[in-house]
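Just start_17.txt here, compact mmCIF, C-alpha atoms:
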```
# COMPACT_ATOMS: atom_id res chain seq x y z
CA MET A 1 -33.83 -6.77 -27.15
CA LEU A 2 -33.08 -10.46 -26.70
CA THR A 3 -29.84 -11.09 -28.54
CA GLN A 4 -29.20 -14.74 -27.78
CA THR A 5 -31.18 -17.96 -27.90
CA THR A 6 -33.58 -18.05 -24.99
CA SER A 7 -37.08 -19.06 -23.99
CA ARG A 8 -39.60 -17.21 -21.84
CA VAL A 9 -43.28 -16.96 -21.04
CA LEU A 10 -44.89 -14.56 -23.51
CA GLU A 11 -46.86 -11.54 -22.33
CA PRO A 12 -49.88 -9.75 -23.85
CA SER A 13 -47.52 -7.27 -25.52
CA ASP A 14 -46.02 -10.17 -27.53
CA LEU A 15 -49.34 -10.89 -29.28
CA ASP A 16 -48.44 -9.64 -32.77
CA ALA A 17 -45.15 -11.57 -32.81
CA ALA A 18 -46.90 -14.75 -31.62
CA LEU A 19 -49.63 -14.42 -34.27
CA ALA A 20 -46.95 -14.01 -36.95
CA VAL A 21 -45.43 -17.37 -35.93
CA LEU A 22 -48.86 -19.05 -35.81
CA ASP A 23 -49.68 -17.64 -39.25
CA ARG A 24 -46.75 -19.50 -40.81
CA GLU A 25 -48.79 -22.73 -40.69
CA PRO A 26 -52.45 -21.65 -40.55
CA VAL A 27 -53.93 -25.14 -40.99
CA ALA A 28 -51.78 -27.05 -38.51
CA ASN A 29 -51.99 -24.22 -35.98
CA ALA A 30 -55.73 -23.49 -36.31
CA PHE A 31 -56.60 -24.77 -32.81
CA VAL A 32 -54.08 -22.60 -30.96
CA THR A 33 -54.51 -19.62 -33.31
CA ALA A 34 -58.26 -19.58 -32.68
CA ARG A 35 -57.70 -19.49 -28.92
CA VAL A 36 -55.09 -16.75 -29.11
CA GLN A 37 -57.23 -14.58 -31.40
CA VAL A 38 -60.07 -14.72 -28.88
CA ALA A 39 -58.13 -14.62 -25.60
CA GLY A 40 -54.80 -12.97 -26.38
CA LEU A 41 -51.77 -14.11 -24.36
CA ASP A 42 -53.00 -13.41 -20.84
CA PRO A 43 -52.63 -16.86 -19.16
CA TRP A 44 -55.90 -16.58 -17.22
CA ARG A 45 -57.96 -15.85 -20.36
CA LEU A 46 -55.94 -18.19 -22.58
CA GLY A 47 -56.25 -21.11 -20.19
CA GLY A 48 -52.49 -21.61 -20.08
CA GLU A 49 -49.13 -20.03 -20.81
CA MET A 50 -47.58 -19.41 -24.21
CA TRP A 51 -43.87 -20.11 -24.21
CA GLY A 52 -41.67 -18.45 -26.79
CA TRP A 53 -38.26 -19.39 -28.20
CA TYR A 54 -36.03 -16.61 -29.51
CA GLU A 55 -33.08 -16.79 -31.87
CA ASP A 56 -31.06 -13.62 -32.49
CA GLY A 57 -33.78 -11.59 -30.86
CA MET A 58 -36.55 -12.98 -33.11
CA LEU A 59 -39.46 -15.07 -31.86
CA THR A 60 -39.25 -18.26 -33.97
CA SER A 61 -41.09 -21.03 -32.06
CA LEU A 62 -43.97 -21.35 -29.59
CA CYS A 63 -45.36 -23.89 -27.16
CA TYR A 64 -48.87 -23.65 -25.71
CA ALA A 65 -48.91 -25.01 -22.15
CA GLY A 66 -52.47 -25.46 -20.95
CA ALA A 67 -54.79 -28.48 -20.83
CA ASN A 68 -52.68 -29.65 -23.78
CA LEU A 69 -48.97 -29.12 -24.36
CA VAL A 70 -48.64 -28.06 -28.02
CA PRO A 71 -45.31 -27.34 -29.77
CA ILE A 72 -45.78 -24.83 -32.62
CA CYS A 73 -43.30 -24.30 -35.48
CA ALA A 74 -40.80 -25.70 -33.00
CA THR A 75 -37.19 -26.31 -34.06
CA PRO A 76 -35.17 -29.05 -32.31
CA ARG A 77 -33.39 -26.44 -30.15
CA ALA A 78 -36.72 -24.87 -29.22
CA VAL A 79 -38.16 -28.28 -28.31
CA ARG A 80 -35.26 -28.91 -25.94
CA ALA A 81 -35.87 -25.56 -24.25
CA PHE A 82 -39.61 -26.25 -23.98
CA ALA A 83 -38.92 -29.71 -22.52
CA ASP A 84 -36.64 -28.18 -19.88
CA ARG A 85 -39.34 -25.67 -18.94
CA ALA A 86 -42.02 -28.38 -18.85
CA ARG A 87 -39.89 -30.61 -16.62
CA ARG A 88 -39.32 -27.78 -14.16
CA ALA A 89 -43.03 -26.90 -14.06
CA GLY A 90 -44.21 -30.52 -13.71
CA ARG A 91 -46.96 -32.11 -15.75
CA ARG A 92 -50.20 -30.13 -15.69
CA CYS A 93 -51.59 -31.19 -19.08
CA SER A 94 -53.82 -34.12 -20.01
CA SER A 95 -52.08 -34.58 -23.38
CA ILE A 96 -49.20 -33.53 -25.61
CA VAL A 97 -50.32 -32.97 -29.19
CA GLY A 98 -48.76 -31.42 -32.26
CA PRO A 99 -46.84 -32.11 -35.48
CA VAL A 100 -45.19 -35.54 -35.45
CA ASP A 101 -41.51 -34.56 -35.47
CA SER A 102 -41.54 -31.93 -32.73
CA THR A 103 -44.04 -33.83 -30.58
CA ALA A 104 -42.03 -37.06 -30.81
CA GLN A 105 -38.86 -35.21 -29.77
CA LEU A 106 -40.69 -33.47 -26.91
CA TRP A 107 -42.04 -36.79 -25.64
CA ARG A 108 -38.62 -38.48 -25.83
CA LEU A 109 -37.27 -35.75 -23.56
CA LEU A 110 -40.22 -35.75 -21.16
CA GLU A 111 -41.02 -39.48 -20.99
CA PRO A 112 -38.36 -40.33 -18.37
CA GLY A 113 -39.99 -37.92 -15.93
CA TRP A 114 -43.60 -37.84 -17.13
CA GLY A 115 -44.12 -41.39 -18.35
CA PRO A 116 -45.59 -43.80 -18.77
CA ALA A 117 -48.39 -42.33 -20.89
CA ARG A 118 -51.83 -43.89 -20.89
CA GLU A 119 -51.65 -44.06 -24.69
CA VAL A 120 -49.37 -42.78 -27.46
CA ARG A 121 -50.84 -42.21 -30.92
CA ARG A 122 -47.72 -41.82 -33.00
CA ARG A 123 -49.30 -40.89 -36.32
CA GLN A 124 -52.59 -39.09 -36.92
CA PRO A 125 -52.89 -37.93 -40.54
CA LEU A 126 -53.73 -34.24 -40.95
CA MET A 127 -56.19 -33.88 -43.85
CA VAL A 128 -57.49 -30.79 -45.66
CA THR A 129 -59.85 -29.73 -48.41
CA ASP A 130 -60.97 -26.42 -49.87
CA ARG A 131 -63.91 -27.60 -51.99
CA MET A 132 -67.06 -29.66 -51.98
CA PRO A 133 -66.96 -33.24 -53.28
CA ALA A 134 -68.30 -33.66 -56.81
CA ASP A 135 -70.00 -37.01 -56.23
CA ILE A 136 -71.39 -36.96 -52.66
CA ALA A 137 -74.54 -35.00 -51.96
CA PRO A 138 -74.67 -33.35 -48.50
CA ASP A 139 -77.15 -34.98 -46.12
CA PRO A 140 -80.11 -32.56 -46.09
CA HIS A 141 -81.03 -33.69 -42.55
CA VAL A 142 -77.74 -32.52 -41.02
CA ARG A 143 -78.23 -29.05 -39.53
CA ARG A 144 -76.98 -26.73 -36.83
CA VAL A 145 -77.82 -27.84 -33.31
CA ARG A 146 -80.11 -25.35 -31.56
CA LYS A 147 -79.42 -23.98 -28.08
CA ASP A 148 -82.54 -25.72 -26.74
CA GLU A 149 -81.14 -29.09 -27.89
CA MET A 150 -78.24 -29.31 -25.43
CA GLU A 151 -79.84 -32.24 -23.59
CA ARG A 152 -80.10 -34.12 -26.88
CA ILE A 153 -76.58 -33.50 -28.11
CA MET A 154 -74.69 -33.99 -24.82
CA PRO A 155 -75.06 -37.80 -24.57
CA ALA A 156 -73.70 -38.16 -28.13
CA CYS A 157 -70.78 -35.84 -27.34
CA VAL A 158 -69.94 -37.80 -24.18
CA ALA A 159 -70.16 -41.11 -26.08
CA MET A 160 -67.88 -39.82 -28.86
CA PHE A 161 -65.30 -38.43 -26.42
CA THR A 162 -65.23 -41.60 -24.31
CA GLU A 163 -64.90 -43.78 -27.43
CA GLU A 164 -62.15 -41.59 -28.92
CA VAL A 165 -60.06 -40.68 -25.87
CA GLY A 166 -60.69 -43.70 -23.65
CA VAL A 167 -61.91 -41.79 -20.60
CA SER A 168 -65.17 -40.00 -19.87
CA PRO A 169 -65.20 -36.18 -20.09
CA LEU A 170 -67.51 -36.25 -17.05
CA ALA A 171 -64.70 -37.43 -14.75
CA GLY A 172 -63.07 -34.97 -12.37
CA ASP A 173 -65.33 -31.94 -12.31
CA GLY A 174 -68.52 -33.83 -13.15
CA GLY A 175 -68.33 -32.62 -16.74
CA LEU A 176 -68.74 -28.89 -16.07
CA LEU A 177 -65.86 -27.83 -18.33
CA TYR A 178 -66.87 -30.23 -21.07
CA GLN A 179 -70.51 -29.16 -20.95
CA ALA A 180 -69.40 -25.52 -21.18
CA ARG A 181 -67.31 -26.34 -24.24
CA VAL A 182 -70.22 -28.12 -25.96
CA ALA A 183 -72.51 -25.20 -25.10
CA GLU A 184 -69.95 -22.77 -26.58
CA LEU A 185 -69.89 -24.69 -29.88
CA VAL A 186 -73.69 -24.93 -30.00
CA GLY A 187 -74.06 -21.24 -29.15
CA SER A 188 -71.62 -20.18 -31.86
CA GLY A 189 -73.39 -22.27 -34.52
CA ARG A 190 -70.50 -24.71 -34.93
CA SER A 191 -72.25 -27.90 -33.73
CA PHE A 192 -74.05 -30.02 -36.35
CA ALA A 193 -76.21 -33.12 -36.13
CA ARG A 194 -78.81 -35.31 -37.76
CA PHE A 195 -81.59 -36.40 -35.42
CA ASP A 196 -83.98 -39.33 -35.87
CA ALA A 197 -87.77 -39.10 -35.51
CA ASP A 198 -87.44 -39.56 -31.74
CA GLY A 199 -84.89 -36.76 -31.36
CA ARG A 200 -81.88 -39.03 -30.90
CA VAL A 201 -78.58 -38.12 -32.55
CA VAL A 202 -77.77 -40.24 -35.59
CA PHE A 203 -74.70 -38.30 -36.80
CA LYS A 204 -72.82 -35.35 -35.33
CA ALA A 205 -69.70 -33.25 -35.81
CA GLU A 206 -68.37 -29.88 -34.70
CA ILE A 207 -66.16 -27.17 -36.14
CA GLY A 208 -63.92 -27.10 -33.09
CA ALA A 209 -61.47 -24.37 -34.10
CA ALA A 210 -62.00 -21.51 -36.52
CA THR A 211 -59.88 -18.67 -37.86
CA ASP A 212 -60.38 -16.59 -40.99
CA ARG A 213 -57.82 -18.78 -42.81
CA ALA A 214 -58.69 -22.32 -41.69
CA CYS A 215 -61.04 -24.31 -39.52
CA GLN A 216 -60.94 -27.79 -38.04
CA ILE A 217 -63.73 -30.38 -37.88
CA GLN A 218 -63.73 -32.59 -34.81
CA GLY A 219 -66.01 -34.92 -32.85
CA VAL A 220 -67.30 -36.83 -35.87
CA TRP A 221 -69.58 -39.60 -34.61
CA VAL A 222 -72.24 -41.95 -35.95
CA ALA A 223 -74.53 -43.70 -33.46
CA PRO A 224 -73.42 -47.36 -33.19
CA GLU A 225 -76.76 -48.74 -34.39
CA HIS A 226 -76.51 -46.62 -37.56
CA ARG A 227 -72.93 -47.46 -38.54
CA GLY A 228 -72.39 -49.12 -41.88
CA LYS A 229 -75.43 -47.43 -43.43
CA GLY A 230 -73.52 -44.84 -45.45
CA LEU A 231 -74.41 -41.86 -43.25
CA ALA A 232 -70.91 -40.58 -42.51
CA ALA A 233 -69.85 -39.31 -45.96
CA PRO A 234 -73.07 -37.33 -46.70
CA GLY A 235 -73.00 -36.05 -43.12
CA MET A 236 -69.41 -34.87 -43.49
CA ALA A 237 -70.27 -33.26 -46.83
CA ALA A 238 -73.05 -31.32 -45.10
CA VAL A 239 -70.73 -30.06 -42.36
CA LEU A 240 -68.11 -29.23 -44.98
CA ARG A 241 -70.65 -27.13 -46.89
CA TYR A 242 -71.43 -25.09 -43.78
CA ALA A 243 -67.73 -24.72 -42.98
CA LEU A 244 -66.69 -23.49 -46.43
CA ALA A 245 -69.70 -21.16 -46.76
CA ASP A 246 -69.68 -19.62 -43.30
CA VAL A 247 -66.33 -20.15 -41.57
CA ALA A 248 -63.09 -20.47 -43.57
CA PRO A 249 -61.73 -21.22 -47.07
CA VAL A 250 -59.79 -24.32 -45.91
CA VAL A 251 -61.20 -27.12 -43.74
CA SER A 252 -59.00 -29.60 -41.87
CA LEU A 253 -59.22 -32.53 -39.50
CA TYR A 254 -56.90 -35.12 -38.07
CA VAL A 255 -57.66 -38.80 -37.61
CA ASN A 256 -56.05 -41.85 -36.02
CA ASP A 257 -54.07 -43.81 -38.60
CA PHE A 258 -55.68 -47.07 -37.42
CA ASN A 259 -59.22 -45.75 -38.08
CA THR A 260 -59.36 -46.98 -41.66
CA ALA A 261 -63.14 -46.53 -42.00
CA ALA A 262 -62.95 -42.85 -41.05
CA ARG A 263 -59.94 -42.22 -43.28
CA ARG A 264 -61.77 -43.83 -46.19
CA THR A 265 -64.81 -41.63 -45.55
CA TYR A 266 -62.78 -38.43 -45.38
CA THR A 267 -60.93 -39.33 -48.58
CA ARG A 268 -64.27 -39.92 -50.34
CA VAL A 269 -65.43 -36.46 -49.27
CA GLY A 270 -62.28 -34.96 -50.79
CA PHE A 271 -59.90 -34.54 -47.84
CA GLN A 272 -56.23 -35.05 -48.71
CA GLU A 273 -53.38 -35.88 -46.34
CA VAL A 274 -50.91 -33.00 -45.92
CA GLY A 275 -49.04 -33.96 -42.76
CA ALA A 276 -49.47 -35.76 -39.46
CA PHE A 277 -49.97 -35.08 -35.78
CA MET A 278 -48.96 -37.13 -32.77
CA SER A 279 -50.80 -37.34 -29.45
CA VAL A 280 -49.60 -38.49 -26.04
CA LEU A 281 -52.53 -39.11 -23.67
CA PHE A 282 -52.19 -39.17 -19.87
```
Translate this structure into structure tokens?
Amino acid sequence: MLTQTTSRVLEPSDLDAALAVLDREPVANAFVTARVQVAGLDPWRLGGEMWGWYEDGMLTSLCYAGANLVPICATPRAVRAFADRARRAGRRCSSIVGPVDSTAQLWRLLEPGWGPAREVRRRQPLMVTDRMPADIAPDPHVRRVRKDEMERIMPACVAMFTEEVGVSPLAGDGGLLYQARVAELVGSGRSFARFDADGRVVFKAEIGAATDRACQIQGVWVAPEHRGKGLAAPGMAAVLRYALADVAPVVSLYVNDFNTAARRTYTRVGFQEVGAFMSVLF
């Protein structure tokens, strides 16, 4: 039994305790919870380590350390411990992302050694809904992407990622990991799009993380030549209908605070702000 405050790398036997922490905030933690439910806590399967912070022998805070560094239900003391561990390990992640307060504290502690960041997005509203909008009809042309449509959806996914993150997902490994991720979403029926008569993507979005309590929409994108035509809100309503019917009772997303057009669209579809994330991009 751990009787003092301490942090350590969690092991597969710690799974139930870790899930109990994640379950305290099912919407905010949907991304990490979904990974842990599928992969457990084995670092090779999880794609990173799960760090735990204990107080009086109880696991109270977590930090996922993989491609992203994600503080979870992290108290200020836990954040300091996670920052110490991250400094010792050296930066291996491409971003730090999580709730504003804990992420901002983590970055303050890590910036002297890890900075400068390529970009810091200090406030990204977290928005949720549990119902369909009353006044926006779902776009009937938005549907699940089929497995034989990978070549059609990939260019739109790459364009969205590059536009959103500022770097191409094809850099480094030639896009192998990113293509595998897109294929996983298509194969699991969580990739949605509207195609034009020539088979080009007009609108797309994915349900990027899914648990039985909450899911998260990501990768929302309208082809540049179709922007301003009122496609985004009906498209989002269509994805929302699929999500509520087939995936989870609560649907979330987070958005950059400076993206006023997207925030307006999500509000029209019925999403309400319940918190905020912060992202540090390297």
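What separates CA of Ala89 (chain A) from CA of Gly57 (chain A) is a distance of 24.5 Å.
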- May I have the residues within 9 Å of Ala159 (chain A) as a PyMOL selection string, using only C-alpha atoms and disregarding those fewer than 5 positions away in the same chain? chain A and resi 154+164+168+221+223
From the list A:Val251, A:Val70, A:Ala243, A:Ala232, the nearest residue to Ser102 (chain A) using all atoms listed in the file is A:Val70
Listed atoms of region 35-44 of chain A boxed along x, y and z, 4 Å each side, centre and edge lengths in Å, one decimal, as lines of an AutoDock Vina configuration file:
```
center_x = -55.9
center_y = -16.2
center_z = -24.3
size_x = 16.3
size_y = 14.5
size_z = 22.2
```
What separates CA of Arg264 (chain A) and CA of Val128 (chain A) is a distance of 13.7 Å
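The residue that comes closest to Asp148 (chain A), out of A:Val186, A:Ala171, A:Leu240, A:Val100 and on the basis of all atoms listed in the file, is A:Val186.
Nearest to Trp53 (chain A) of all the residues A:Val167, A:Ala86, A:Val9, A:Leu69 is A:Val9, based on all atoms listed in the file.
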Q | 12 Å contact set for Val182 (chain A), only C-alpha atoms, chain neighbours under 3 positions out, as a PyMOL selection string | A | chain A and resi 145-147+149-158+161+169+175-179+185-192+205-208+218-219
Same residues, C-alpha atoms, saved as a PDB file, in the coordinates of the input:
```
ATOM      1  CA  VAL A 145     -77.820 -27.840 -33.310  1.00  0.00           C
ATOM      2  CA  ARG A 146     -80.110 -25.350 -31.560  1.00  0.00           C
ATOM      3  CA  LYS A 147     -79.420 -23.980 -28.080  1.00  0.00           C
ATOM      4  CA  GLU A 149     -81.140 -29.090 -27.890  1.00  0.00           C
ATOM      5  CA  MET A 150     -78.240 -29.310 -25.430  1.00  0.00           C
ATOM      6  CA  GLU A 151     -79.840 -32.240 -23.590  1.00  0.00           C
ATOM      7  CA  ARG A 152     -80.100 -34.120 -26.880  1.00  0.00           C
ATOM      8  CA  ILE A 153     -76.580 -33.500 -28.110  1.00  0.00           C
ATOM      9  CA  MET A 154     -74.690 -33.990 -24.820  1.00  0.00           C
ATOM     10  CA  PRO A 155     -75.060 -37.800 -24.570  1.00  0.00           C
ATOM     11  CA  ALA A 156     -73.700 -38.160 -28.130  1.00  0.00           C
ATOM     12  CA  CYS A 157     -70.780 -35.840 -27.340  1.00  0.00           C
ATOM     13  CA  VAL A 158     -69.940 -37.800 -24.180  1.00  0.00           C
ATOM     14  CA  PHE A 161     -65.300 -38.430 -26.420  1.00  0.00           C
ATOM     15  CA  PRO A 169     -65.200 -36.180 -20.090  1.00  0.00           C
ATOM     16  CA  GLY A 175     -68.330 -32.620 -16.740  1.00  0.00           C
ATOM     17  CA  LEU A 176     -68.740 -28.890 -16.070  1.00  0.00           C
ATOM     18  CA  LEU A 177     -65.860 -27.830 -18.330  1.00  0.00           C
ATOM     19  CA  TYR A 178     -66.870 -30.230 -21.070  1.00  0.00           C
ATOM     20  CA  GLN A 179     -70.510 -29.160 -20.950  1.00  0.00           C
ATOM     21  CA  LEU A 185     -69.890 -24.690 -29.880  1.00  0.00           C
ATOM     22  CA  VAL A 186     -73.690 -24.930 -30.000  1.00  0.00           C
ATOM     23  CA  GLY A 187     -74.060 -21.240 -29.150  1.00  0.00           C
ATOM     24  CA  SER A 188     -71.620 -20.180 -31.860  1.00  0.00           C
ATOM     25  CA  GLY A 189     -73.390 -22.270 -34.520  1.00  0.00           C
ATOM     26  CA  ARG A 190     -70.500 -24.710 -34.930  1.00  0.00           C
ATOM     27  CA  SER A 191     -72.250 -27.900 -33.730  1.00  0.00           C
ATOM     28  CA  PHE A 192     -74.050 -30.020 -36.350  1.00  0.00           C
ATOM     29  CA  ALA A 205     -69.700 -33.250 -35.810  1.00  0.00           C
ATOM     30  CA  GLU A 206     -68.370 -29.880 -34.700  1.00  0.00           C
ATOM     31  CA  ILE A 207     -66.160 -27.170 -36.140  1.00  0.00           C
ATOM     32  CA  GLY A 208     -63.920 -27.100 -33.090  1.00  0.00           C
ATOM     33  CA  GLN A 218     -63.730 -32.590 -34.810  1.00  0.00           C
ATOM     34  CA  GLY A 219     -66.010 -34.920 -32.850  1.00  0.00           C
TER      35      GLY A 219
END
```
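Here CA of Arg35 (chain A) is placed at a distance of 12.0 Å from CA of Leu15 (chain A).
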| task | For Arg194 (chain A), work out the shell of residues within 8 Å, counting all atoms listed in the file and skipping chain neighbours fewer than 2 positions away, then give it as a count of residues only. | result | 10
Counting only C-alpha atoms, the residue among A:Thr211, A:Pro249, A:Ile96, A:Gly166 that lies closest to Phe277 (chain A) is A:Ile96
- Message: Using only C-alpha atoms and a cutoff of 12 Å, can you tell me which residues are near (-38.1, -28.4, -27.3) in the file's coordinates, and write them out as an NGL selection string?
- Response: :A and (6-7 or 51-53 or 61-64 or 69-87 or 101-110)
